[in-house]
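Worksheet: the structure to be examined is printed underneath.
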Amino acid sequence: MVKVNVKWNKEKYEVEVDPSEPVSSFKGQLYSLTMVPVERQKIMGFKGGILKDDAQWKDLDLSEGKNLMLMGSAVELEKPDKPIVFLEDLPPSKAAALNSLLPAGLTNLGNTCYLNSTLQCLKTVPELLSIIKNYKPKTNSRYSNLLKSSQGLFNDLSRLHEPVTPSVFLNTFRMCFPRFSEKSPEGLYMQQDAEEAWGELLTAYAHELPLDNSNGTDSHSADLIKRSMIGKLFGIQVVEKFTCKDNPEEESTTREETLLKLACNITVETSYLFDGLKKGLEEEISKASPTLHKDAIYTKKTLIKQLPKYIMVQFVRFHWKDATKTKSKIVRVVQFPFTLDLFDLCTPEYKERLSPNRKRVEDEFNASLERKRKAVGGDDEESDKQGEKKAAVGDDNQPQSTLSSEYTSSDDDIFFKENETGKYELCAVLTHQGRYAESGHYVAWVKKSENKWYKFDDRDVTEHTDEDIKKLSGGGDFHICYLALYRTLASKPKSTATITEQK
Amino acid sequence: MPEKEVTIPVPARGGSNKEEDKKDTEEKNNNTKTKDNKKDKKKDKKEETLSPEDEKLKNDLELLVERSRDEKEEIALTALEALKTEIRSSTSSMTSVPKPLKFLRNHYQTLVDIYKNSKEGKAKTSLADILSVLAMANGNDERDTLKYKLLGSGEAIASWGHEYVKHLATEIGVEYDIKKEENQSVEDLLKLVDEIVPFQMTHNAEPEACDLLLEVGQLSKIFQFIDENNYSRVCLYLFKCSYYVPGPDDINILKVCVEIYIKMKQYPDALRVAMKISDPELITEIFKLVENNKPILQQLGFLVARQKIVPDNFNYDSISDIINNSKLSEYFMNLATDLDIREPKLPEEIFQSHLDSTSMIADSARMNLASSFVNAFVNAGFGRDKLMTAEEDTKWWYKNRELGILSTVASTGMVVLWDIDGGLTKIDKFLYSQEKHCSNGALMAIGMLTSGVRSEMDPALSLLAEHINSSNTGTRISAIFGLGLAYAGTQRQDLMSLLSPCLDDDKEKMEFIGIVGLALGLIFIGSCDPELSTLFVQTLIQRGTAASESHARFLHLGLGLLYLGKQDAAELALETLKAIEGKGGEYARLTVEACAYAGTGNVLKVQNMLHFCSDGQENPHHGLAVLSIALIAMGEELGSDMCLRMFDHLLQKGNVHIKRAIPLALGLLSPSNPRIAIMDILSKLSHDNDPEVAQGAILSLGLIGAGTNNARIGGMLRALAVFYGKDVHLFFVRIAQGLLHLGKGTMTINPYHSDRTLMSPVAVGGLLALLHAGLDIKNILSTQSHYLFFSIVCSMYPRMLMTLDEDLKPLPVSVRVGQSVDIVGLAGKPKTITGFQTHTTPVLLGYNERAELATDDYIPLTNILEGIVILKPNPNASVTSPLASKKN
């Protein structure tokens with residue numbers, strides 16, 4: 001018997017070697033001590049490297065108290081279940097998408113930030129993009145060229161990740177709306193009001209995108225909007241009720257109208273968007289009274305008859321100052337919510353229609369809260385997050401493809417589905433920095449995913465959070481919210497399914 | 001009659017009252033002078049500057065000169081004596097020539113004439129004495145001081161003050177050279193030297209004494225004058241002198257240093273100098289001297305372990321643990337525990353990618369590979385990380401591709417660096433993988449793990465040897481590279497017989513041959529082995545055109561490493577290399593020449609390289625020449641500063657190959673030493689349009705900051721990571737970030753240690769392997785052979801000061817750590833550090849920092865507090881010292 005010291009993994013064992021037994025029995029001894037499988041034992045310390053199984057003890061320099069080292073472990077190397085896909089293996093386009101590259105910005109072609117930011121805001125409406133994409137040019141129509149150039153531009157914007165130069169689009173835009181080619185005395189193009197550009201664009205689109213082709217083209221403009229795809233997406237159908245103030249006896253008249261925006265009038269008392277909106281829907285105007293046969297003061301009360309999928313809100317910050325002959329800006333802080341509820345502004349009939357939906361959504365929300373509370377492990381949350389992430393990844397590409405397919409299947413109902421709860425979420429903000437409408441700088445802030453926003457400052461695109469968006473409510477010389485685009489608060493697919501069933 | 005007149009002027013000097021009077025009159029004079037200046041500048045100036053006092057002195061002196069001409073010898077003699085007294089008693093200040101000397105200037109020629117005409121005799125020799133002194137102020141090149149000194153009476157040299165001695169010493173130096181040239185006897189000079197040196201040694205002028213002895217080639221005489229008060233200054237001065245003395249004199253100077261240290265029983269210091277000479281016999285001799293003094297022996301052990309060499313012919317069983325670095329891992333972990341940094345870090349924590357918005361969603365093979373490297377660098381030596389050795393298998397290695405897997409698995413070796421006992425088990429499982437790259441990586445990891453650490457079990461050799469002749473080239477490369485890392489600097493003959501046949505393998509490609517060459521070069525670094533050298537040259541010749549392939553550079557480098565720092569010993573190899581035609585031969589010659597003179601600061605060689613660079617052609621080897629300049633100039637402050645200036649010119653005028661090499665050369669100049677000047681250049685280059693320049697600069701930013709956690713470089717790299725978000729550059733940014741946090745900021749890759757005096761050849765080898773790979777960054781580092789990043793493992797060492805008691809148990813004491821001050825040639829005991837802070841060991845030391853004990857309870861066994869230092873209790877410790885140290 002020869003005693004040897006075996007070192008293994010910082011531990012020391014004293015092992016007695018019987019030189020008459022083969023090497024394998026020594027390894028067996030070691031196995032019982034260390035649990036290292038015999039075939040994975042590598043014993044070092046003898047001359048000639050690792051101890052081999054067929055070695056004879058007499059050939060080795062075995063001696064009392066010899067120090068040996070055992071290397072080996074019982075750990076098996078595991079392979080993952082599915083192979084890893086590397087970024088480098090993917091086609092470049094997919095790789096770019098996965099890499100969460102920033103979307104493309106737009107080059108400023110000389111005071112065109114008003115247009116750039118407007119376009120970036122409109123780009124957040126996938127439905128609009130898809131109908132423009134499917135637009136088939138008609139001859140002889142006024143805005144056909146504009147539509148065509150929009151097609152190209154939006155296509156570039158959603159495909160590329162480098163700044164796009166919208167020169168073609170800008171030219172056709174100025175051709176269609178000569179007032180935007182106004183030049184300063186120095187011969188430079190001047191800054192314009194983004195809201196006006198927005199309005200003109202939508203009207204032009206509406207002109208070219210009627211709901212069905214049967215309708216004539218030269219009808220009343222309000223009708224035209226109503227009967228266009230733009231009207232379906234953005235048009236707010238309202239009922240205007242005129243009551244004569246001077247002659248209470250006079251019967252109030254009503255008129256139906258389709259608006260493309262809600263105005264938020266800002267007075268000294270306005271601190272919240274909703275206050276401003278309410279004020280905007282109740283105003284006093286003077287018009288000829290049929291009963292009094294003279295101009296009289298009427299109160300005009302507007303109520304919403306039907307809500308569209310998207311709502312644009314304008315903060316009426318600019319007002320004409322006679323003194324300076326400029327449109328100057330009100331910088332007052334007006335808080336705008338991330339979710340907007342327009343229920344209170346609707347007609348009683350429409351409210352009735354909305355109520356059941358609202359209640360259902362609320363119940364569902366409560367139920368989900370309950371579920372969450374029950375699932376203490378928080379697994380739900382995690383999976384939710386993952387889901388969100390996936391959604392975020394796909395954001396750039398998926399909606400378009402699915403939506404366009406939907407559109408081609410002419411399922412207009414879902415595509416232009418109106419708002420059913422009166423609730424909206426903020427999806428884009430267009431801000432203005434500066435003191436006058438005709439000067440300063442316009443920037444678009446577009447929501448990407450939960451707590452993630454893109455800021456489109458002409459060609460520079462940066463990422464921001466909800467916190468940064470909250471800073472846009474005004475009060476100083478920072479970017480101040482001028483236009484806000486709200487979209488229908490997405491409800492869970494399950495609920496939409498039930499709605500269609502009900503229908 | 002004459003006596004009366006003679007004695008008059010003598011006592012006129014001195015006396016406090018008169019001094020004051022003199023000042024007064026001088027002031028008055030100044031006043032009048034300014035007034036007079038207005039009237040007439042030129043005319044009055046001369047006369048007015050002389051006070052009546054001076055006027056008198058002047059007249060007296062003139063009288064004395066006149067009298068020394070006297071026929072009567074007696075009168076002349078008295079006059080001369082009076083002159084002598086006058087000169088000696090004059091007070092001199094730093095800024096002005098003593099008055100008597102000044103006034104006698106005009107009469108110097110007169111006195112010379114008198115001397116020439118006077119008869120032999122006492123008066124003549126006395127006059128010679130005076131002339132000798134006066135010649136000092138007369139300032140011509142004739143060396144009259146020396147001439148008249150030799151002609152003079154031979155009175156004591158000290159009688160004229162140290163200024164005179166200094167002057168005399170200078171002239172002796174010049175005269176000695178001339179006489180030697182003309183084959184004249186220098187006996188008289190040497191006699192003078194024998195007189196001067198003792199004077200200088202006893203009057204705080206050790207550097208001058210050394211200079212004089214060096215000039216007359218009599219350095220060994222210094223032994224007689226060495227005592228415990230002046231030996232350290234003498235040795236320090238001689239040591240620094242050796243940098244500026246051409247070989248072989250520098251070796252002789254250093255040998256004198258060793259002898260002095262041995263005489264003064266300062267064995268660790270003696271060993272350091274002996275290692276500087278890298279003379280194995282001398283090293284063994286020192287070891288033998290302290291054989292019976294265990295603590296000192298252990299301390300010497302730590303020193304050679306840091307240099308990673310082993311003394312020959314010496315039975316060091318008792319300190320084998322130390323010399324084998326077996327406990328290095330333990331000590332390092334001790335440091336880590338003390339600094340509370342044992343917790344593993346993820347690469348993301350280094351990247352701080354949450355701060356920028358370039359988050360990755362998919363797995364990128366390249367980025368994962370970068371993360372593997374960073375993970376290895378950051379957790380190097382800690383034995384634990386979160387990717388490779390985590391309890392819960394993260395399968396991280398699988399998130400890499402092909403060669404990426406190789407490097408990733410190999411990185412495990414760096415994580416468990418130096419820890420043979422614990423580390424092998426963690427690598428074991430990878431050995432059995434079906435994936436070839438994985439098992440190959442494990443082989444490399446085993447080699448890396450044992451880098452610089454030896455064990456009697458020899459695990460690396462036992463485990464790797466059988467794979468060297470595997471059928472798979474990748475396996476062979478991994479095993480051989482692993483062996484190269486593991487046994488770098490050991491010069492083991494069994495490895496030579498194992499590896500050298502591989503060089504002859506005709507079937508293998510250049511990559512394999514290159515790695516074999518590199519491994520052999522690392523193992524036999526600085527050995528000048530003639531057999532290997534011949535083998536290398538033969539292989540180069542056989543391979544013919546293949547020898548100019550990119551990977552062939554490692555074969556050349558291997559040959560160069562054989563002669564690392566050996567200067568003239570490489571001449572023969574250089575001659576034989578001339579036989580090789582073409583580019584391959586050129587690369588080899590440049591490499592060998594540069595390696596041979598590595599760290600010597602040899603100006604001639606630097607100039608050679610510069611000439612080569614400026615031939616006006618586009619030669620890819622220009623880059624190598626630039627790197628060579630840095631290699632030759634490194635480690636010596638003046639030289640590296642000159643390098644910076646040269647590179648400035650080259651950057652503006654040089655071709656693209658030069659530009660690409662400059663960042664790497666800068667990295668080599670100051671690894672782990674983030675000098676602001678270099679940082680700025682690299683920062684500028686990191687945005688260069690040429691991708692290879694930029695990548696090299698980024699890599700070098702990592703090298704100069706390696707293991708320092710330097711915040712400035714960190715900021716730069718983070719900015720670069722955002723800037724290069726989508727480019728290949730990002731890979732290098734990540735690597736640099738990893739290097740910056742090497743060992744979580746506890747390690748250095750600078751080959752210089754022991755107060756920046758000693759160069760560890762193995763460490764230089766590791767750096768060179770990486771930088772040569774960097775010369776072709778596109779084909780080597782960023783694509784196939786990224787495992788070469790791991791060659792840096794040879795250069796890694798904790799930058800710590802750890803104190804042990806005589807039983808080698810950690811002994812925390814308070815030390816002052818501060819910026820080191822250059823005290824070479826300073827008299828007395830100047831402070832060696834400035835701006836210090838007091839810490840308790842173990843502490844980290846920066847490149848320019850020095851430490852000293854803040855307590856006198858202990859005496860360190862070595863004078864340079866660096867690495868691992870053994871302390872012994874101080875028998876004369878003051879009782880109050882604990883309090884005193886607390887106050888600090």
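For the structure tokens, the naming scheme is as follows: chains receive sequential letters (A, B, ...) according to their order of presentation, residues are indexed from 1 within each chain, and ligands are indexed from 1 in presentation order.
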
Find the residues of chain B that sit at most 10 Å from chain A; for each, write down the nearest two atoms and how far apart they are in Å, to one decimal. Count only C-alpha atoms. Sort by chain, then by number going up, and give it as a Markdown table.
| residue | atom | partner | partner_atom | distance |
| --- | --- | --- | --- | --- |
| B:Asp356 | CA | A:Glu463 | CA | 9.9 |
| B:Ser357 | CA | A:Glu463 | CA | 7.4 |
| B:Thr358 | CA | A:Ser100 | CA | 8.1 |
| B:Ser359 | CA | A:Asn99 | CA | 7.7 |
| B:Met360 | CA | A:Asn99 | CA | 5.8 |
| B:Ile361 | CA | A:Asn99 | CA | 6.2 |
| B:Ala362 | CA | A:Leu87 | CA | 6.1 |
| B:Asp363 | CA | A:Phe86 | CA | 5.3 |
| B:Ser364 | CA | A:Leu87 | CA | 4.7 |
| B:Ala365 | CA | A:Phe86 | CA | 5.8 |
| B:Arg366 | CA | A:Glu88 | CA | 8.1 |
| B:Met367 | CA | A:Leu87 | CA | 9.6 |
| B:Asn368 | CA | A:Phe86 | CA | 9.7 |
| B:Asp393 | CA | A:Glu78 | CA | 7.8 |
| B:Thr394 | CA | A:Pro80 | CA | 9.2 |
| B:Lys395 | CA | A:Pro80 | CA | 6.7 |
| B:Trp396 | CA | A:Pro80 | CA | 9.5 |
| B:Trp397 | CA | A:Lys79 | CA | 9.5 |
| B:Tyr398 | CA | A:Lys79 | CA | 7.2 |
| B:Lys399 | CA | A:Ile84 | CA | 6.3 |
| B:Asn400 | CA | A:Phe86 | CA | 8.4 |
| B:Arg401 | CA | A:Phe86 | CA | 8.5 |
| B:Asp419 | CA | A:Lys10 | CA | 9.4 |
| B:Ile420 | CA | A:Asn9 | CA | 8.6 |
| B:Asp421 | CA | A:Lys10 | CA | 5.1 |
| B:Gly422 | CA | A:Asn9 | CA | 4.8 |
| B:Gly423 | CA | A:Asn9 | CA | 7.6 |
| B:Leu424 | CA | A:Met71 | CA | 6.3 |
| B:Thr425 | CA | A:Gly72 | CA | 5.6 |
| B:Lys426 | CA | A:Ser73 | CA | 7.8 |
| B:Ile427 | CA | A:Gly72 | CA | 8.7 |
| B:Asp428 | CA | A:Gly72 | CA | 5.5 |
| B:Lys429 | CA | A:Leu77 | CA | 5.8 |
| B:Phe430 | CA | A:Leu77 | CA | 6.6 |
| B:Leu431 | CA | A:Leu77 | CA | 9.3 |
| B:Tyr432 | CA | A:Leu77 | CA | 7.9 |
| B:Ser433 | CA | A:Leu77 | CA | 6.9 |
| B:Gln434 | CA | A:Leu77 | CA | 9.8 |
| B:Ser455 | CA | A:Gly45 | CA | 9.4 |
| B:Glu456 | CA | A:Gly45 | CA | 7.0 |
| B:Met457 | CA | A:Gly45 | CA | 4.2 |
| B:Asp458 | CA | A:Gly45 | CA | 7.0 |
| B:Pro459 | CA | A:Met44 | CA | 6.4 |
| B:Ala460 | CA | A:Gly49 | CA | 9.4 |
| B:Leu461 | CA | A:Gly49 | CA | 7.1 |
| B:Ser462 | CA | A:Gly49 | CA | 4.0 |
| B:Leu463 | CA | A:Ile50 | CA | 6.8 |
| B:Leu464 | CA | A:Gly49 | CA | 9.1 |
| B:Ala465 | CA | A:Gly49 | CA | 7.8 |
| B:Glu466 | CA | A:Gly49 | CA | 8.7 |
| B:Lys726 | CA | A:Asn99 | CA | 9.5 |

Checklist entry - Could you name the residues that touch His437 (chain B) at 7 Å or less, counting only C-alpha atoms, but leaving out those on the same chain fewer than 5 positions away, as a PyMOL selection string? => result chain B and resi 402-403+405-406

Next on the checklist: Nearest residue to Tyr436 (chain A) out of A:Ser32, A:Gln191, A:Thr291, A:Asn171, using only C-alpha atoms?
Outcome noted: A:Gln191

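Residues in contact with Asn155 (chain A) at up to 10 Å, not including ones fewer than 3 positions away on its chain and judged by only C-alpha atoms, are Leu129, Ser130, Ile132, Lys133, Ser149, Ser150, Gln151, Gly152, Ser158, Arg159 and Leu160 of chain A.
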
Item to check | Spatial neighbours of Trp445 (chain A), 7 Å, only C-alpha atoms, chain gap at least 6 places, as a list in words | outcome: Ala428, Val429, Leu430, Trp453, Tyr454, Lys455 and Phe456 of chain A

Please produce a file of the residues just selected, as a PDB file, in the first residue's frame, where the atoms kept are N, CA, C and O atoms.
ATOM      1  N   ALA A 428     -49.417  61.350 -30.748  1.00  0.00           N
ATOM      2  CA  ALA A 428     -48.422  62.229 -31.359  1.00  0.00           C
ATOM      3  C   ALA A 428     -48.654  63.654 -30.884  1.00  0.00           C
ATOM      4  O   ALA A 428     -49.790  64.050 -30.639  1.00  0.00           O
ATOM      5  N   VAL A 429     -47.592  64.379 -30.724  1.00  0.00           N
ATOM      6  CA  VAL A 429     -47.680  65.768 -30.299  1.00  0.00           C
ATOM      7  C   VAL A 429     -46.822  66.578 -31.254  1.00  0.00           C
ATOM      8  O   VAL A 429     -45.698  66.194 -31.569  1.00  0.00           O
ATOM      9  N   LEU A 430     -47.406  67.687 -31.695  1.00  0.00           N
ATOM     10  CA  LEU A 430     -46.613  68.570 -32.537  1.00  0.00           C
ATOM     11  C   LEU A 430     -46.376  69.843 -31.727  1.00  0.00           C
ATOM     12  O   LEU A 430     -47.323  70.462 -31.243  1.00  0.00           O
ATOM     13  N   TRP A 453     -40.956  57.336 -26.735  1.00  0.00           N
ATOM     14  CA  TRP A 453     -41.374  58.312 -27.742  1.00  0.00           C
ATOM     15  C   TRP A 453     -40.200  58.620 -28.648  1.00  0.00           C
ATOM     16  O   TRP A 453     -39.055  58.581 -28.235  1.00  0.00           O
ATOM     17  N   TYR A 454     -40.537  58.943 -29.875  1.00  0.00           N
ATOM     18  CA  TYR A 454     -39.523  59.468 -30.778  1.00  0.00           C
ATOM     19  C   TYR A 454     -39.719  60.965 -30.908  1.00  0.00           C
ATOM     20  O   TYR A 454     -40.839  61.439 -31.005  1.00  0.00           O
ATOM     21  N   LYS A 455     -38.628  61.662 -30.948  1.00  0.00           N
ATOM     22  CA  LYS A 455     -38.707  63.083 -31.237  1.00  0.00           C
ATOM     23  C   LYS A 455     -38.136  63.291 -32.637  1.00  0.00           C
ATOM     24  O   LYS A 455     -36.999  62.919 -32.900  1.00  0.00           O
ATOM     25  N   PHE A 456     -38.965  63.824 -33.513  1.00  0.00           N
ATOM     26  CA  PHE A 456     -38.501  64.085 -34.879  1.00  0.00           C
ATOM     27  C   PHE A 456     -38.176  65.560 -35.006  1.00  0.00           C
ATOM     28  O   PHE A 456     -39.072  66.391 -35.167  1.00  0.00           O
TER      29      PHE A 456
END

Checklist entry - CA of Val2 (chain A) to CA of Lys58 (chain A): how many Å, to one decimal? => result 12.2 Å

Quick one: everything within 8 Å of Glu284 (chain A), counting only C-alpha atoms, minus sequence neighbours fewer than 3 positions away in the same chain. Send it as a PDB file with all heavy atoms, in the first residue's frame.
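The result, stored in selection-v4.pdb:
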ATOM      1  N   ILE A 297     -76.853  88.187 -31.386  1.00  0.00           N
ATOM      2  CA  ILE A 297     -75.881  87.286 -30.756  1.00  0.00           C
ATOM      3  C   ILE A 297     -76.522  85.917 -30.567  1.00  0.00           C
ATOM      4  O   ILE A 297     -77.594  85.798 -30.004  1.00  0.00           O
ATOM      5  CB  ILE A 297     -75.440  87.830 -29.386  1.00  0.00           C
ATOM      6  CG1 ILE A 297     -74.966  89.267 -29.492  1.00  0.00           C
ATOM      7  CG2 ILE A 297     -74.399  86.930 -28.748  1.00  0.00           C
ATOM      8  CD1 ILE A 297     -73.637  89.437 -30.182  1.00  0.00           C
ATOM      9  N   TYR A 298     -75.866  84.941 -31.043  1.00  0.00           N
ATOM     10  CA  TYR A 298     -76.359  83.576 -30.874  1.00  0.00           C
ATOM     11  C   TYR A 298     -75.344  82.806 -30.027  1.00  0.00           C
ATOM     12  O   TYR A 298     -74.143  83.066 -30.100  1.00  0.00           O
ATOM     13  CB  TYR A 298     -76.489  82.877 -32.220  1.00  0.00           C
ATOM     14  CG  TYR A 298     -77.700  83.273 -33.002  1.00  0.00           C
ATOM     15  CD1 TYR A 298     -77.742  84.450 -33.724  1.00  0.00           C
ATOM     16  CD2 TYR A 298     -78.820  82.428 -33.029  1.00  0.00           C
ATOM     17  CE1 TYR A 298     -78.847  84.808 -34.448  1.00  0.00           C
ATOM     18  CE2 TYR A 298     -79.932  82.784 -33.762  1.00  0.00           C
ATOM     19  CZ  TYR A 298     -79.951  83.976 -34.478  1.00  0.00           C
ATOM     20  OH  TYR A 298     -81.052  84.311 -35.192  1.00  0.00           O
ATOM     21  N   THR A 299     -75.815  81.886 -29.254  1.00  0.00           N
ATOM     22  CA  THR A 299     -74.855  80.964 -28.645  1.00  0.00           C
ATOM     23  C   THR A 299     -74.823  79.712 -29.505  1.00  0.00           C
ATOM     24  O   THR A 299     -75.862  79.162 -29.873  1.00  0.00           O
ATOM     25  CB  THR A 299     -75.247  80.569 -27.209  1.00  0.00           C
ATOM     26  OG1 THR A 299     -76.588  80.126 -27.235  1.00  0.00           O
ATOM     27  CG2 THR A 299     -75.072  81.705 -26.243  1.00  0.00           C
ATOM     28  N   LYS A 300     -73.622  79.318 -29.781  1.00  0.00           N
ATOM     29  CA  LYS A 300     -73.476  78.128 -30.627  1.00  0.00           C
ATOM     30  C   LYS A 300     -72.971  77.017 -29.726  1.00  0.00           C
ATOM     31  O   LYS A 300     -71.905  77.122 -29.105  1.00  0.00           O
ATOM     32  CB  LYS A 300     -72.471  78.432 -31.727  1.00  0.00           C
ATOM     33  CG  LYS A 300     -72.083  77.244 -32.570  1.00  0.00           C
ATOM     34  CD  LYS A 300     -71.016  77.673 -33.566  1.00  0.00           C
ATOM     35  CE  LYS A 300     -70.274  76.459 -34.098  1.00  0.00           C
ATOM     36  NZ  LYS A 300     -69.034  76.868 -34.740  1.00  0.00           N
TER      37      LYS A 300
END

Checklist entry - Which polymer residues have any atom within 12 Å of an atom of region 247-253 of chain B, counting only C-alpha atoms, with same-chain residues fewer than 2 positions away left out, as a ChimeraX atom specification? => result /B:210-211,213-215,217-220,222,234-245,255-260,273-279,566-569,597,600-602
